[in-house]
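Report on the following structure.
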Amino acid sequence: MNLDDRRFDHRKMDMLMGADRQARWNPSAFISRFDIRPGASVLDLGSGPGFWTFPLADKVGAQGAVWALDISQEMLDELSQRNPPKQVHTLRSELPKIDLPDSNFDLIWMAFVFHEVMPPQKLADEMFRVAKAEGVVAVLDWRPDAAGEGGPPRHHRLSIEQVIGFLHQAGFQSVEKTWQDGDAYLIEARR
């Protein structure tokens with residue numbers, strides 16, 4: 001399978017910032033479940049044009065840092081054109097490799113990206129490497145058995161059990177599903 005078949009087409013990025021998506025996910029409210037403190041260091045893995053990046057930047061404040069990492073320069077260019085605050089830093093990186101230092105992040109946030117990256121175990125290993133000892137990894141992704149028709153092809157999606165397995169194998173000790181609805185799930189992992 002061609003890896004590009006799994007990746008979101010950057011030419012469709014407008015739908016990532018649309019009012020329907022905003023209403024569905026309300027990113028500021030959704031991420032409020034995490035204890036993101038002013039001054040925190042956050043990695044928005046697969047940031048796209050910044051749907052989650054800007055609310056994350058609000059949470060960390062001017063003293064914090066949000067690294068918006070994406071494989072698509074077009075996505076990062078769009079994010080930059082939206083005038084992010086100074087605590088947002090963009091980085092193009094070819095996942096599963098994360099070109100950032102070890103033990104650097106309080107929170108690694110990855111929304112609807114895990115299923116795109118091959119091999120997924122390498123991505124889980126990289127997240128373990130860049131998370132601080134007390135850091136949290138949060139994976140929001142599509143259920144293979146989703147009720148709705150939105151999202152990627154069902155055969156690209158990873159089950160809750162698969163993602164939990166990848167994170168455990170990477171070394172995370174505490175891994176649990178903390179939320180789900182008819183279409184998606186959230187898994188949180190701690191070292």
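Each chain in the structure tokens gets a letter, A, B and so on, in the order shown; residues start at 1 in every chain, and ligands are counted from 1 in the order they appear.
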Sel. of strand (DSSP E) residues, chain A, as a JSON list (two decimals) with C-alpha atoms, in the first residue's frame:
[["chain", "number", "residue", "atom", "x", "y", "z"],
["A", 41, "SER", "CA", 5.40, 22.28, 26.61],
["A", 42, "VAL", "CA", 2.97, 20.62, 24.18],
["A", 43, "LEU", "CA", 3.49, 18.74, 20.93],
["A", 44, "ASP", "CA", 0.57, 18.90, 18.48],
["A", 45, "LEU", "CA", 1.50, 15.88, 16.39],
["A", 65, "ALA", "CA", 5.41, 26.32, 23.96],
["A", 66, "VAL", "CA", 3.35, 24.42, 21.41],
["A", 67, "TRP", "CA", 5.22, 22.61, 18.68],
["A", 68, "ALA", "CA", 2.96, 22.13, 15.65],
["A", 69, "LEU", "CA", 4.49, 19.21, 13.76],
["A", 70, "ASP", "CA", 3.19, 18.03, 10.41],
["A", 88, "VAL", "CA", 3.68, 28.31, 18.59],
["A", 89, "HIS", "CA", 6.60, 26.79, 16.70],
["A", 90, "THR", "CA", 6.16, 24.85, 13.48],
["A", 91, "LEU", "CA", 8.22, 21.87, 12.38],
["A", 92, "ARG", "CA", 7.97, 19.72, 9.29],
["A", 105, "PHE", "CA", 6.88, 17.45, 26.37],
["A", 106, "ASP", "CA", 4.30, 17.64, 29.13],
["A", 107, "LEU", "CA", 1.57, 16.68, 26.64],
["A", 108, "ILE", "CA", 1.72, 15.04, 23.24],
["A", 109, "TRP", "CA", -1.61, 15.56, 21.48],
["A", 110, "MET", "CA", -2.42, 13.59, 18.35],
["A", 111, "ALA", "CA", -5.86, 13.97, 16.80],
["A", 131, "ALA", "CA", 7.46, 12.67, 26.45],
["A", 132, "LYS", "CA", 8.66, 13.91, 29.83],
["A", 133, "ALA", "CA", 8.72, 11.33, 32.63],
["A", 134, "GLU", "CA", 5.49, 12.81, 34.03],
["A", 135, "GLY", "CA", 4.10, 13.64, 30.59],
["A", 136, "VAL", "CA", 0.86, 12.49, 28.96],
["A", 137, "VAL", "CA", 0.25, 11.19, 25.46],
["A", 138, "ALA", "CA", -3.32, 11.65, 24.21],
["A", 139, "VAL", "CA", -4.52, 9.92, 21.04],
["A", 140, "LEU", "CA", -7.88, 10.88, 19.54],
["A", 141, "ASP", "CA", -8.77, 8.74, 16.55],
["A", 142, "TRP", "CA", -11.56, 7.16, 14.51],
["A", 174, "SER", "CA", -0.62, 3.46, 32.31],
["A", 175, "VAL", "CA", -2.66, 3.35, 29.09],
["A", 176, "GLU", "CA", -6.44, 3.66, 29.07],
["A", 177, "LYS", "CA", -9.39, 4.68, 26.97],
["A", 178, "THR", "CA", -10.76, 7.76, 28.72],
["A", 179, "TRP", "CA", -13.53, 8.78, 26.30],
["A", 180, "GLN", "CA", -15.42, 7.53, 23.27],
["A", 184, "ALA", "CA", -14.07, 8.20, 17.85],
["A", 185, "TYR", "CA", -12.09, 7.37, 20.97],
["A", 186, "LEU", "CA", -9.51, 9.00, 23.22],
["A", 187, "ILE", "CA", -6.62, 7.07, 24.75],
["A", 188, "GLU", "CA", -4.32, 8.57, 27.37],
["A", 189, "ALA", "CA", -0.92, 7.13, 28.23],
["A", 190, "ARG", "CA", 1.52, 7.93, 31.02]]
Among listed residues A:Ala146, A:Ala124, A:Leu79, A:Ala23, nearest Gln162 in chain A (using only C-alpha atoms):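 The shortest atom-to-atom distance to Gln162 in chain A comes from A:Ala124.
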Between CA of Val130 in chain A and CA of Leu76 in chain A, what is the distance in Å, rounded to a tenth?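 Between CA of Val130 in chain A and CA of Leu76 in chain A the gap works out to 20.7 Å.
The spacing separating CA of His156 in chain A from CA of Pro144 in chain A amounts to 8.1 Å.
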Which residue is closest to His168 in chain A? Choose from A:Asp181, A:Phe128, A:Gly48, A:Gly148 and count only C-alpha atoms.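 Closest residue, counting only C-alpha atoms: A:Phe128.
Counting only C-alpha atoms, the residue from A:Arg24, A:Arg157, A:Arg82, A:Arg191 that sits nearest to Phe112 in chain A is A:Arg157.
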Do a neighbour search on Arg37 in chain A at 8 Å with only C-alpha atoms, toss out local chain neighbours closer than 3 positions, and write the hits as a ChimeraX atom specification. /A:40,59-60
What is the CA of Gly150 in chain A to CA of Gln22 in chain A distance in Å?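 Rounded to one decimal, the two atoms are 14.5 Å apart.
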Quick one: of A:Gly18, A:Pro55, A:Pro101, A:Gly61, who's nearest to Ser32 in chain A, counting only C-alpha atoms?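 Checking each candidate against Ser32 in chain A, we get A:Pro55 as the closest.
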Could you tell me, as an NGL selection string, which residues of chain A DSSP assigns to helix (DSSP H, G or I) when given the backbone? :A and (3-5 or 10-17 or 19-25 or 27-33 or 53-60 or 73-81 or 114-116 or 120-130 or 154-156 or 160-170)
Save the residues we just selected, C-alpha atoms, as a short mmCIF file (atom, residue, chain, number, x, y, z; two decimals), in the first residue's frame?
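Result written to result.cif:
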data_model
loop_
_atom_site.label_atom_id
_atom_site.label_comp_id
_atom_site.auth_asym_id
_atom_site.auth_seq_id
_atom_site.Cartn_x
_atom_site.Cartn_y
_atom_site.Cartn_z
CA LEU A 3 1.73 5.46 2.35
CA ASP A 4 0.23 8.55 0.70
CA ASP A 5 -3.09 6.66 0.49
CA HIS A 10 -3.56 18.80 2.16
CA ARG A 11 -5.65 20.20 -0.71
CA LYS A 12 -8.72 19.49 1.46
CA MET A 13 -7.39 21.40 4.47
CA ASP A 14 -10.26 23.91 4.45
CA MET A 15 -12.57 21.21 5.80
CA LEU A 16 -10.25 20.84 8.81
CA MET A 17 -11.02 24.40 9.89
CA ALA A 19 -17.62 25.51 11.23
CA ASP A 20 -19.06 21.96 11.22
CA ARG A 21 -15.83 20.54 12.58
CA GLN A 22 -15.60 23.34 15.14
CA ALA A 23 -19.15 22.59 16.31
CA ARG A 24 -18.49 18.83 16.40
CA TRP A 25 -15.25 18.97 18.40
CA PRO A 27 -11.38 21.98 20.58
CA SER A 28 -10.94 24.38 23.49
CA ALA A 29 -13.56 22.55 25.54
CA PHE A 30 -12.35 19.09 24.48
CA ILE A 31 -8.73 19.68 25.56
CA SER A 32 -9.85 21.19 28.87
CA ARG A 33 -9.94 17.60 30.19
CA THR A 53 -2.85 24.22 17.91
CA PHE A 54 -4.44 27.57 18.72
CA PRO A 55 -6.52 26.30 21.69
CA LEU A 56 -3.43 24.47 22.98
CA ALA A 57 -1.45 27.73 22.71
CA ASP A 58 -4.14 29.51 24.75
CA LYS A 59 -3.78 26.87 27.50
CA VAL A 60 0.05 27.04 27.74
CA GLN A 73 4.62 22.01 4.49
CA GLU A 74 1.40 23.28 2.92
CA MET A 75 -0.46 22.63 6.17
CA LEU A 76 2.23 24.38 8.21
CA ASP A 77 2.27 27.33 5.79
CA GLU A 78 -1.49 27.71 6.25
CA LEU A 79 -1.07 27.58 10.04
CA SER A 80 1.61 30.29 9.83
CA GLN A 81 -0.64 32.50 7.69
CA PHE A 114 -2.19 7.66 14.42
CA HIS A 115 -3.95 5.62 11.72
CA GLU A 116 -2.00 7.49 8.99
CA PRO A 120 2.54 2.65 14.15
CA GLN A 121 4.85 0.99 16.67
CA LYS A 122 7.71 3.27 15.64
CA LEU A 123 5.45 6.29 16.21
CA ALA A 124 4.52 5.02 19.69
CA ASP A 125 8.24 4.52 20.45
CA GLU A 126 9.01 8.07 19.33
CA MET A 127 6.22 9.51 21.47
CA PHE A 128 7.61 7.65 24.48
CA ARG A 129 11.05 9.09 23.72
CA VAL A 130 9.95 12.74 23.53
CA ARG A 154 -12.45 1.92 7.88
CA HIS A 155 -9.66 -0.44 6.83
CA HIS A 156 -7.10 2.31 7.66
CA ILE A 160 -8.65 0.91 20.69
CA GLU A 161 -6.93 -2.38 21.56
CA GLN A 162 -4.31 -1.91 18.83
CA VAL A 163 -3.40 1.61 19.96
CA ILE A 164 -3.26 0.54 23.62
CA GLY A 165 -0.98 -2.34 22.59
CA PHE A 166 1.40 -0.06 20.66
CA LEU A 167 1.65 2.36 23.58
CA HIS A 168 2.23 -0.40 26.15
CA GLN A 169 4.91 -1.95 23.95
CA ALA A 170 6.62 1.46 23.68
#
Counting only C-alpha atoms, closest pick from A:Val113, A:Met118, A:Ile71, A:Ala62 relative to Gly39 in chain A is A:Ala62
